[in-house]
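Chemist: Next up is a structure, given as structure tokens.
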Amino acid sequence: MTGWTWEYDGYEPAEERLRESLCTLGNGYFATRGALPECVADDVHYPGTYVAGCYDRLTSEVAGQQVRTAETAETAETAETAANAETLKSLENEDMVNLPNWLPLRFRPAGHDWLTPDTATVLDHRKVLHLDSGLLERHTRYGLGDGQVLFVRQLRLVHMADPHLAALRTEFTAEGFAGGLDVEAALDGGVSNSGVARYRDLDGRHLTHVLTGAAAPDTVWLRCRTRTSDIRIGLAARLTTDVPVTVAHEHPRVVQRLRLSLTPGRTVRVDKTVALHTSHDLAIGDPLRAATDRVGAAAGFDELLAGHRTAWDQLWTRTGLDVPGRAGHILRLHLFHVLQTLSPHTADLDVGVPARGLHGEAYRGHVFWDELFVLPYLNLHFPEVSRALLRYRHRRLGQARAAARAIGRRGALFPWQSGSDGREETQRLHLNPRSGHWLPDHSHLQRHVGSAIAYNVWQYGEATGDTEFLHSEGAEVLLQIARFWADSARHDAHRGGHRILGVVGPDEYHDAYPDVPRPGLDDNAYTNVTAAWVLARALHLLRTLPEPRRRELAEHIGLADDEPERWEEVSRTLHVPFHDGVISQFEGYGELAELDWDHYRKRYEDIRRLDRILEAEGDTVNRYKASKQADVLMLGYLFSPAELRSLFERLGHRLDEETWRRTVEYYLRRTSHGSTLSGLVHGWILARDRRADAWMFCQEALRGDIADLQGGTTGEGIHLGAMAGTLDLVQRGLTGLETRQEALWLDPVPLPQLSSYGFSLRYRGHWGIRLRLECGKLEVAVPPSDLAPVDLRLPDRAVGVRPGETFLLVLAD
């Protein structure tokens, strides 16, 4: 690493998938993995191009048995239990589609075989990802024998200013020989979704009706569509070179061929410019016509690169991240990939937050709750993108309400996995690759996703002051989620309160009680506490809405007069279980068996996926006090200590520092960290009490993808929530920054290993507020403007910082 580059030296086939993911280039509209253009998809390489929001649905047969997910939710809890007990007979999956490959460009000395690093002698090989300019540079020296060497240099970009363009420049230099070099460039429609090994038994052939053509020898095109979603795709490529080009149609590819003349020491160049459109795009007619027109009008490579650099310069200026050392280098890489997945171009799209970015096919490109870790960062830099991502949820509110009605509830039940239209996309079966068994998947019971959406709506409003959104689409989403939680709560006369039954919490390991056929757990603490928070926020919103809007909204959603009263009652009486002086993850958690952690650590090299290990042994993690990732402790990630105490007081409990500390210690000893989010959450909550341990977990979060700590998963796509979460750890976690009550609250907790850093943010119309922590001092600089002062709240005082002023706070040791 250097300050603004990410480099890989040498060719390592076993590392290629990882490098392809981390060298992905994108612009928020589409992204292409960092595969070598001369290589095809195989066990080593996986070129892939993905357009945000481009999904397709297929039904598959597995091992001769057709398996398909239930398309609708169950009609009642009893029906749900019965349905889950049945043998599932079909499996339907919606995937983010791997689009036609625009990269192919291969080469060979005349009369020889095509050169690839797997079949030829590689003398030197280097990939350099230029973070400042969004440019991927590649150098390879192929040994041809008898002292002859072909040096290949490539520059690749996916244009950040024009989201429909990409370009590849290839330079060839002969060393010690002269002669012809055959070059073949192509657009390839013969691709499939096959980038994740455990999905390969499922149908991944999403493209159909592939047609190719040529507008001129230098410009070729490919058109196709997805098989069931019927999204039309148009792709056009222009080749710029000094020699004649011929075109051949080799279904499903269109190929351009040329022969270069090489002389020692003289560099020759081929530029490939590509345009991509789909029928989802705005303000176009035919995607193919749009693509051919755009590539025809596109500037040359040098001019494209200049505009691309300018767009990236503007992004880096708006984010303004300055963290020294190795941590800073990794954070910059994380920010780079967040911006490539969710750029200002995303504001024009109907898309959510894909958990694995636009970098691969893991999780099928679905949207989970990862926006909970992404939007808090975006709110303070690209609020227009946050708003668009929340509107993705609002547009699917009808589906969420239908899902709630299907199980006899009012309100909105958002899916755990979402894709194109908002239906539940979670598989009802999943494959354990360790045992080869297909197992029931009950993760659709993670209904806490609704609370995450409500949290993001509220946080967006607090950070931006966007009352227009909060009082319109945001209010509808928040109130319908609150309505669902109130209707899900069951009164328990014995306890004198309310309970939420049959859910799965963030832990994910536990999805049922031992030896109980019904899936789901009762009174998951995280679910119940966040549900209470949602209900309290919904009540606050109703009280503060302008009276005409409150009346209009109540009429629009059919809010009954007695509903707010029930919300108030449920928000104060939801049951939170405790055992042994700590918060229980769910009712009955304290009765589970203890796991022999030392035994499993000695027996297995990696126990992050303890659930798979135990299932392969004929056991189940449901029997043990063992968590995949933070569950109860997620409460300390979402809420400040003061807010968390207030929430528990509302629910009738006193959560003092000692109880919380015991709870943290308890679950630290019982968590396998099978998710990249786990280290992030633990680092966040430990920062105030155990700084040495906090830094260990922070490093785990920073290294999660670059070191592929989950064992091969990064090659299937980055973990976007963890990447954005590390940025937010610096932005909010270590500064104690909160946006609430129309003020910026700060309560810094310096870590010795990260004692100097700075960043800028955008807050309620103020562009470029600069925070800098260094030498035990925190500096807050507000840029000049005609806006009102920024209300700054500190643990011991309140300060108004006017535009053009700088406030300096000396931190206690």
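Ordering of the structure tokens sets the chain letters (A, B, ...); residue numbers start at 1 within each chain; ligands are numbered from 1 in the order shown.
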Extract the full set of alpha helix (DSSP H) residues from segment 466-672 of chain A according to DSSP on the backbone, and format it as a ChimeraX atom specification.
Modeler: /A:467-470,473-488,525-544,547-557,563-573,597-603,610-616,634-638,641-650,657-668
Chemist: Quick one: everything within 6 Å of segment 767-784 of chain A, counting only C-alpha atoms, minus sequence neighbours fewer than 2 positions away in the same chain. Send it as a PyMOL selection string.
Modeler: chain A and resi 756-762+803-811
Chemist: Using N, CA and C atoms, can you write the selected residues to a file as a PDB file, in the first residue's frame?
Modeler:
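So again-v3.pdb came out as:
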```
ATOM      1  N   SER A 756      -4.959  10.480  15.997  1.00  0.00           N
ATOM      2  CA  SER A 756      -4.909  11.645  15.121  1.00  0.00           C
ATOM      3  C   SER A 756      -5.685  11.326  13.845  1.00  0.00           C
ATOM      4  N   TYR A 757      -6.718  12.073  13.571  1.00  0.00           N
ATOM      5  CA  TYR A 757      -7.495  11.878  12.345  1.00  0.00           C
ATOM      6  C   TYR A 757      -8.383  13.099  12.114  1.00  0.00           C
ATOM      7  N   GLY A 758      -8.894  13.184  10.922  1.00  0.00           N
ATOM      8  CA  GLY A 758      -9.793  14.273  10.574  1.00  0.00           C
ATOM      9  C   GLY A 758     -10.745  13.856   9.474  1.00  0.00           C
ATOM     10  N   PHE A 759     -11.864  14.520   9.399  1.00  0.00           N
ATOM     11  CA  PHE A 759     -12.820  14.266   8.326  1.00  0.00           C
ATOM     12  C   PHE A 759     -13.749  15.468   8.211  1.00  0.00           C
ATOM     13  N   SER A 760     -14.401  15.548   7.078  1.00  0.00           N
ATOM     14  CA  SER A 760     -15.390  16.599   6.873  1.00  0.00           C
ATOM     15  C   SER A 760     -16.760  15.959   6.799  1.00  0.00           C
ATOM     16  N   LEU A 761     -17.795  16.758   7.024  1.00  0.00           N
ATOM     17  CA  LEU A 761     -19.152  16.250   6.930  1.00  0.00           C
ATOM     18  C   LEU A 761     -20.092  17.366   6.483  1.00  0.00           C
ATOM     19  N   ARG A 762     -21.252  16.932   6.084  1.00  0.00           N
ATOM     20  CA  ARG A 762     -22.307  17.836   5.622  1.00  0.00           C
ATOM     21  C   ARG A 762     -23.471  17.710   6.599  1.00  0.00           C
ATOM     22  N   PRO A 803     -20.777  30.123  11.293  1.00  0.00           N
ATOM     23  CA  PRO A 803     -20.037  29.902  10.042  1.00  0.00           C
ATOM     24  C   PRO A 803     -18.801  30.782   9.981  1.00  0.00           C
ATOM     25  N   GLY A 804     -17.679  30.170   9.595  1.00  0.00           N
ATOM     26  CA  GLY A 804     -16.402  30.876   9.538  1.00  0.00           C
ATOM     27  C   GLY A 804     -15.610  30.769  10.819  1.00  0.00           C
ATOM     28  N   GLU A 805     -16.182  30.170  11.889  1.00  0.00           N
ATOM     29  CA  GLU A 805     -15.491  30.042  13.165  1.00  0.00           C
ATOM     30  C   GLU A 805     -14.946  28.634  13.366  1.00  0.00           C
ATOM     31  N   THR A 806     -13.983  28.537  14.284  1.00  0.00           N
ATOM     32  CA  THR A 806     -13.401  27.261  14.678  1.00  0.00           C
ATOM     33  C   THR A 806     -13.484  27.131  16.186  1.00  0.00           C
ATOM     34  N   PHE A 807     -13.946  25.975  16.642  1.00  0.00           N
ATOM     35  CA  PHE A 807     -14.037  25.709  18.077  1.00  0.00           C
ATOM     36  C   PHE A 807     -13.001  24.657  18.438  1.00  0.00           C
ATOM     37  N   LEU A 808     -12.276  24.872  19.545  1.00  0.00           N
ATOM     38  CA  LEU A 808     -11.227  23.961  19.981  1.00  0.00           C
ATOM     39  C   LEU A 808     -11.572  23.415  21.352  1.00  0.00           C
ATOM     40  N   LEU A 809     -11.602  22.086  21.468  1.00  0.00           N
ATOM     41  CA  LEU A 809     -11.902  21.418  22.729  1.00  0.00           C
ATOM     42  C   LEU A 809     -10.682  20.622  23.165  1.00  0.00           C
ATOM     43  N   VAL A 810     -10.193  20.873  24.394  1.00  0.00           N
ATOM     44  CA  VAL A 810      -9.095  20.103  24.969  1.00  0.00           C
ATOM     45  C   VAL A 810      -9.692  18.897  25.687  1.00  0.00           C
ATOM     46  N   LEU A 811      -9.261  17.701  25.288  1.00  0.00           N
ATOM     47  CA  LEU A 811      -9.838  16.474  25.816  1.00  0.00           C
ATOM     48  C   LEU A 811      -9.148  16.066  27.101  1.00  0.00           C
TER      49      LEU A 811
END
```
Chemist: Give me the residues within 8 Å of segment 53-55 of chain A as a PyMOL selection string, counting only C-alpha atoms and dropping any in the same chain fewer than 5 places off.
Modeler: chain A and resi 94-97+229+231+350-352+419-420
Chemist: For the selection just defined, write its residues with all heavy atoms to a file, as an mmCIF file, in the first residue's frame.
Modeler:
```cif
data_model
loop_
_atom_site.group_PDB
_atom_site.id
_atom_site.type_symbol
_atom_site.label_atom_id
_atom_site.label_comp_id
_atom_site.auth_asym_id
_atom_site.auth_seq_id
_atom_site.Cartn_x
_atom_site.Cartn_y
_atom_site.Cartn_z
ATOM 1 N N GLU A 94 -34.060 -15.148 -6.821
ATOM 2 C CA GLU A 94 -33.852 -13.943 -7.616
ATOM 3 C C GLU A 94 -32.410 -13.505 -7.433
ATOM 4 O O GLU A 94 -31.931 -13.361 -6.310
ATOM 5 C CB GLU A 94 -34.803 -12.824 -7.174
ATOM 6 C CG GLU A 94 -34.674 -11.587 -8.041
ATOM 7 C CD GLU A 94 -35.671 -10.502 -7.681
ATOM 8 O OE1 GLU A 94 -35.540 -9.952 -6.573
ATOM 9 O OE2 GLU A 94 -36.558 -10.205 -8.492
ATOM 10 N N ASP A 95 -31.723 -13.296 -8.548
ATOM 11 C CA ASP A 95 -30.311 -12.943 -8.527
ATOM 12 C C ASP A 95 -30.075 -11.576 -9.141
ATOM 13 O O ASP A 95 -30.753 -11.180 -10.101
ATOM 14 C CB ASP A 95 -29.487 -13.947 -9.352
ATOM 15 C CG ASP A 95 -29.492 -15.336 -8.750
ATOM 16 O OD1 ASP A 95 -29.235 -15.444 -7.551
ATOM 17 O OD2 ASP A 95 -29.761 -16.298 -9.483
ATOM 18 N N MET A 96 -29.077 -10.865 -8.620
ATOM 19 C CA MET A 96 -28.513 -9.743 -9.345
ATOM 20 C C MET A 96 -27.741 -10.335 -10.520
ATOM 21 O O MET A 96 -26.864 -11.177 -10.331
ATOM 22 C CB MET A 96 -27.589 -8.925 -8.448
ATOM 23 C CG MET A 96 -26.988 -7.699 -9.116
ATOM 24 S SD MET A 96 -26.066 -6.656 -7.955
ATOM 25 C CE MET A 96 -24.676 -7.735 -7.572
ATOM 26 N N VAL A 97 -28.075 -9.916 -11.735
ATOM 27 C CA VAL A 97 -27.646 -10.629 -12.938
ATOM 28 C C VAL A 97 -26.230 -10.251 -13.342
ATOM 29 O O VAL A 97 -25.874 -9.062 -13.381
ATOM 30 C CB VAL A 97 -28.616 -10.338 -14.093
ATOM 31 C CG1 VAL A 97 -28.177 -11.065 -15.367
ATOM 32 C CG2 VAL A 97 -30.034 -10.758 -13.714
ATOM 33 N N SER A 229 -37.509 -11.394 -15.758
ATOM 34 C CA SER A 229 -37.809 -9.982 -15.476
ATOM 35 C C SER A 229 -37.858 -9.145 -16.743
ATOM 36 O O SER A 229 -38.313 -7.995 -16.720
ATOM 37 C CB SER A 229 -36.775 -9.397 -14.504
ATOM 38 O OG SER A 229 -35.454 -9.524 -15.010
ATOM 39 N N ILE A 231 -35.717 -7.560 -18.561
ATOM 40 C CA ILE A 231 -34.955 -6.306 -18.646
ATOM 41 C C ILE A 231 -34.111 -6.364 -19.911
ATOM 42 O O ILE A 231 -33.335 -7.299 -20.104
ATOM 43 C CB ILE A 231 -34.065 -6.121 -17.410
ATOM 44 C CG1 ILE A 231 -34.911 -6.083 -16.144
ATOM 45 C CG2 ILE A 231 -33.221 -4.843 -17.534
ATOM 46 C CD1 ILE A 231 -34.098 -6.115 -14.864
ATOM 47 N N ASP A 350 -33.724 3.339 -8.510
ATOM 48 C CA ASP A 350 -34.604 2.668 -7.562
ATOM 49 C C ASP A 350 -33.891 1.417 -7.070
ATOM 50 O O ASP A 350 -34.166 0.297 -7.508
ATOM 51 C CB ASP A 350 -35.929 2.302 -8.245
ATOM 52 C CG ASP A 350 -36.858 1.533 -7.322
ATOM 53 O OD1 ASP A 350 -36.825 1.809 -6.099
ATOM 54 O OD2 ASP A 350 -37.592 0.652 -7.810
ATOM 55 N N VAL A 351 -32.947 1.606 -6.158
ATOM 56 C CA VAL A 351 -32.133 0.497 -5.663
ATOM 57 C C VAL A 351 -31.956 0.629 -4.161
ATOM 58 O O VAL A 351 -32.096 1.713 -3.587
ATOM 59 C CB VAL A 351 -30.746 0.449 -6.342
ATOM 60 C CG1 VAL A 351 -30.885 0.248 -7.844
ATOM 61 C CG2 VAL A 351 -29.939 1.707 -6.049
ATOM 62 N N GLY A 352 -31.640 -0.514 -3.535
ATOM 63 C CA GLY A 352 -31.292 -0.526 -2.127
ATOM 64 C C GLY A 352 -29.800 -0.709 -1.951
ATOM 65 O O GLY A 352 -29.008 -0.497 -2.875
ATOM 66 N N GLY A 419 -35.159 -7.669 -3.100
ATOM 67 C CA GLY A 419 -34.545 -7.538 -4.421
ATOM 68 C C GLY A 419 -35.282 -6.520 -5.254
ATOM 69 O O GLY A 419 -35.308 -5.337 -4.942
ATOM 70 N N SER A 420 -35.935 -6.980 -6.302
ATOM 71 C CA SER A 420 -36.522 -6.060 -7.269
ATOM 72 C C SER A 420 -37.808 -5.420 -6.773
ATOM 73 O O SER A 420 -37.988 -4.207 -6.896
ATOM 74 C CB SER A 420 -36.788 -6.796 -8.584
ATOM 75 O OG SER A 420 -37.680 -7.872 -8.380
#
```
Chemist: Within 6 Å of segment 526-536 of chain A, counting only C-alpha atoms, which residues show up once you throw out same-chain ones fewer than 6 positions away? Write them as a list in words, please.
Modeler: His448, Ala482, Trp567, Ser571 and Val632 of chain A
Chemist: Extract, using only C-alpha atoms, all DNA, RNA and protein residues at most 9 Å from segment 678-693 of chain A, discarding same-chain residues fewer than 2 positions from it, and format them as a PyMOL selection string.
Modeler: chain A and resi 628-630+633-634+636-637+661+664+668+671-676+695-702+704+722+725-726+729+733-734+749-753
Chemist: If you count only C-alpha atoms, which residues fall within 12 Å of Arg200 of chain A, apart from same-chain ones fewer than 6 positions away, as a list in words?
Modeler: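 Final neighbour list, sorted by chain and number: Ser60, Glu61, Val62, Ala63, Ser192, Asn193, Ser194, Glu361, Ala362, Leu431 and Pro433 of chain A.
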Chemist: Create the file for the chosen residues now, containing C-alpha atoms and written as a CSV table (one decimal), in the first residue's frame.
Modeler:
```csv
chain,number,residue,atom,x,y,z
A,60,SER,CA,-34.0,-24.6,-10.1
A,61,GLU,CA,-33.7,-28.4,-9.6
A,62,VAL,CA,-31.2,-29.6,-7.1
A,63,ALA,CA,-30.0,-33.2,-7.1
A,192,SER,CA,-24.0,-16.9,-16.3
A,193,ASN,CA,-24.2,-16.4,-12.6
A,194,SER,CA,-21.7,-19.0,-11.4
A,361,GLU,CA,-22.8,-12.7,-6.5
A,362,ALA,CA,-22.8,-13.7,-2.9
A,431,LEU,CA,-26.7,-25.5,1.7
A,433,PRO,CA,-21.0,-26.6,2.2
```
Chemist: What does the distance from atom CA of Gly111 of chain A to atom CA of Ala185 of chain A come to in Å, to one decimal?
Modeler: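 One can read the atom CA of Gly111 of chain A to atom CA of Ala185 of chain A distance as 17.7 Å.
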Chemist: From the DSSP assignment of the backbone, select every residue of segment 578-696 of chain A that is strand (DSSP E), and format the answer as a PDB file with N, CA and C atoms, in the first residue's frame.
Modeler:
```
ATOM      1  N   PHE A 578     -33.891 -11.267  31.440  1.00  0.00           N
ATOM      2  CA  PHE A 578     -32.574 -11.210  32.081  1.00  0.00           C
ATOM      3  C   PHE A 578     -32.268 -12.591  32.658  1.00  0.00           C
ATOM      4  N   HIS A 579     -30.986 -12.882  32.818  1.00  0.00           N
ATOM      5  CA  HIS A 579     -30.563 -14.061  33.568  1.00  0.00           C
ATOM      6  C   HIS A 579     -29.170 -13.796  34.131  1.00  0.00           C
ATOM      7  N   VAL A 582     -27.493 -10.420  33.706  1.00  0.00           N
ATOM      8  CA  VAL A 582     -27.218  -9.838  32.394  1.00  0.00           C
ATOM      9  C   VAL A 582     -28.479  -9.912  31.541  1.00  0.00           C
ATOM     10  N   ILE A 583     -28.519  -9.119  30.493  1.00  0.00           N
ATOM     11  CA  ILE A 583     -29.644  -9.157  29.572  1.00  0.00           C
ATOM     12  C   ILE A 583     -29.585 -10.470  28.797  1.00  0.00           C
TER      13      ILE A 583
END
```
Chemist: If you count only C-alpha atoms, which residues fall within 9 Å of segment 638-645 of chain A, apart from same-chain ones fewer than 4 positions away, as a compact mmCIF listing (two decimals) with N, CA and C atoms, in the first residue's frame?
Modeler:
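Result went into selection.txt, see below:
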```txt
# COMPACT_ATOMS: atom_id res chain seq x y z
N LEU A 372 -28.27 -0.30 7.72
CA LEU A 372 -28.16 0.19 9.09
C LEU A 372 -26.74 0.65 9.39
N TYR A 455 -35.08 3.11 12.02
CA TYR A 455 -33.92 3.80 12.59
C TYR A 455 -33.26 4.68 11.53
N MET A 634 -25.71 -5.29 19.97
CA MET A 634 -26.07 -4.35 18.91
C MET A 634 -26.78 -3.12 19.48
N GLU A 649 -35.32 2.30 30.98
CA GLU A 649 -36.20 2.90 31.98
C GLU A 649 -37.64 2.93 31.49
N ARG A 650 -37.82 3.23 30.23
CA ARG A 650 -39.17 3.25 29.64
C ARG A 650 -39.80 1.85 29.75
N HIS A 653 -36.86 -1.08 33.47
CA HIS A 653 -35.62 -1.68 33.95
C HIS A 653 -34.57 -0.60 34.20
N ARG A 654 -33.72 -0.84 35.18
CA ARG A 654 -32.59 0.05 35.43
C ARG A 654 -31.35 -0.59 34.82
N LEU A 655 -30.83 0.04 33.80
CA LEU A 655 -29.63 -0.47 33.14
C LEU A 655 -28.44 0.40 33.55
N ASP A 656 -27.80 0.02 34.63
CA ASP A 656 -26.66 0.81 35.08
C ASP A 656 -25.39 0.35 34.36
N GLU A 657 -24.30 1.07 34.58
CA GLU A 657 -23.05 0.77 33.88
C GLU A 657 -22.55 -0.63 34.20
N GLY A 736 -17.99 10.11 19.39
CA GLY A 736 -19.24 10.19 20.14
C GLY A 736 -20.24 11.10 19.47
N GLU A 738 -23.35 12.43 17.66
CA GLU A 738 -24.76 12.12 17.45
C GLU A 738 -25.44 13.32 16.82
```
Chemist: How many Å lie between atom CA of Ala52 of chain A and atom CA of Ser133 of chain A, rounded to one decimal?
Modeler: 21.6 Å
Chemist: Have a look at atom CA of Gly422 of chain A and atom CA of Asp56 of chain A and let me know their distance in Å, one decimal.
Modeler: 13.4 Å
